[in-house]
Amino acid sequence: MRLRVIDIETTGQAPPAEIIEFGRVDVTLEAGGLWHVGKPMARLYLPLNGIPAETMAVHHLTEAIIGPDAVVCDSEKLRMAVWAAGDPDVLVAHNSAFEESFIPAAITAPVPWICTYKAALRVWPEAPRHSNQVLRYWRGLDLDADLAMPPHRAAPDAYVTAMVLIELLKSASVDEMVAWTKEPKLLPTIPFGKHRGLTWAEAPLDYLQWVTRQSDMDPDVVWNAQRALQARKSA
């Protein structure tokens, strides 16, 4: 089995922003049931519309670093990047909704996704935060510094996510994580308001009912409130 971990750096948070770096690393199941992390790779792409200063401040990619000879990341280049070097059985990203918003489903189908962020919320609800870098240190992962640094670059971030994935695989199966990825985020605690920090089981009944009636509420929050209400009915 080949799990292909992907990370992209872009000129903005959502399309029509452009992909300017694509990174990947394969996690493969070896003989004896051991998972092996391959060598990360990345490629830079030339943006057609420049890179905002706010974005450069995150990943420190400039047009000078990318270079004038780089190609633009069109659909064909993106397809080649996703499918090169052996077909993956599953695509993986930390907060995969971001990668999926930039990579058309027509390119990735029929391969399913694993979101390691959603999986980490399920497996480690007690974690202080669930970013891949926080999980890296919270789990005490022993990583190759040359491969893991710097953060906010495609190859290092893909490598860190791959190592988090290996840790998750000790507690959850590939099929479980694929299923969780298709569902809303399971939030361990209420993320806002006067009950912020309480578990959903600790929240007052009328508050949960109020959350489910809000048309402008984050769908993930509504789903968690509905789930808590259903659990109380079942009890």
# chains A, B, ... in the order shown; residues from 1 in each chain; ligands from 1
$ select_by_dssp --residues "region 31-103 of chain A" --states "strand (DSSP E)" --output "PyMOL selection string"
chain A and resi 35-37+41-44+90-93
$ closest_atom_pairs --of "region 40-114 of chain A" --to "region 172-193 of chain A" --cutoff "9 Å" --atoms "only C-alpha atoms" --output "Markdown table"
| residue | atom | partner | partner_atom | distance |
| --- | --- | --- | --- | --- |
| A:Val90 | CA | A:Val178 | CA | 8.5 |
| A:Ser96 | CA | A:Thr181 | CA | 8.4 |
| A:Pro112 | CA | A:Val178 | CA | 6.8 |
| A:Trp113 | CA | A:Val178 | CA | 6.1 |
| A:Ile114 | CA | A:Val178 | CA | 5.0 |
$ atom_distance --atom1 "CA of Gly86 (chain A)" --atom2 "CA of Leu3 (chain A)"
10.6 Å
$ closest_residue --among "A:Asp218, A:Glu202, A:Asp89, A:Glu18" --to "Ile51 (chain A)" --atoms "only C-alpha atoms"
A:Glu18
$ atom_distance --atom1 "CA of Asp26 (chain A)" --atom2 "CA of Arg2 (chain A)"
6.4 Å
$ closest_atom_pairs --of "region 74-149 of chain A" --to "region 33-50 of chain A" --cutoff "10 Å" --atoms "only C-alpha atoms" --output "JSON lines"
{"residue": "A:Asp74", "atom": "CA", "partner": "A:Tyr45", "partner_atom": "CA", "distance": 9.3}
{"residue": "A:Lys77", "atom": "CA", "partner": "A:Tyr45", "partner_atom": "CA", "distance": 9.5}
{"residue": "A:Ala81", "atom": "CA", "partner": "A:Arg43", "partner_atom": "CA", "distance": 8.6}
{"residue": "A:Leu147", "atom": "CA", "partner": "A:Pro40", "partner_atom": "CA", "distance": 7.5}
{"residue": "A:Ala148", "atom": "CA", "partner": "A:Pro40", "partner_atom": "CA", "distance": 9.6}
$ residues_around --residues "Ala154 (chain A)" --least-positions-apart "3" --cutoff "8 Å" --atoms "only C-alpha atoms" --output "list in words"
Ile6, Asp7, Ile8, Glu9, Glu21, Phe22, Gly23, Arg24, Ala42, Asp157 and Ala158 of chain A
$ closest_residue --among "A:Arg153, A:Pro125, A:Arg4, A:Ile166" --to "Leu141 (chain A)" --atoms "only C-alpha atoms"
A:Ile166
$ residues_around --residues "Gln133 (chain A)" --least-positions-apart "4" --cutoff "12 Å" --atoms "only C-alpha atoms" --output "PyMOL selection string"
chain A and resi 94+117+127-129+137-141+143+148-152+156-164
$ closest_residue --among "A:Val58, A:Arg213, A:Ala106, A:Leu169" --to "Gln13 (chain A)" --atoms "only C-alpha atoms"
A:Val58
$ closest_residue --among "A:Leu165, A:Val134, A:Asp146, A:Ile103" --to "Thr28 (chain A)" --atoms "only C-alpha atoms"
A:Leu165
$ closest_residue --among "A:Ile107, A:Ala14, A:Cys115, A:Val222" --to "Met80 (chain A)" --atoms "only C-alpha atoms"
A:Ile107
$ atom_distance --atom1 "CA of Arg232 (chain A)" --atom2 "CA of His130 (chain A)"
26.9 Å
$ residues_around --residues "Thr212 (chain A)" --least-positions-apart "2" --cutoff "12 Å" --atoms "only C-alpha atoms" --output "list in words"
Leu205, Asp206, Tyr207, Leu208, Gln209, Trp210, Gln214, Ser215, Asp216, Met217, Asp218, Pro219, Asp220, Val221, Val222, Trp223, Asn224, Ala225, Gln226, Arg227, Ala228, Leu229 and Gln230 of chain A
$ closest_residue --among "A:Thr108, A:Ser131, A:Thr55, A:Ser234" --to "Asp87 (chain A)" --atoms "only C-alpha atoms"
A:Thr108
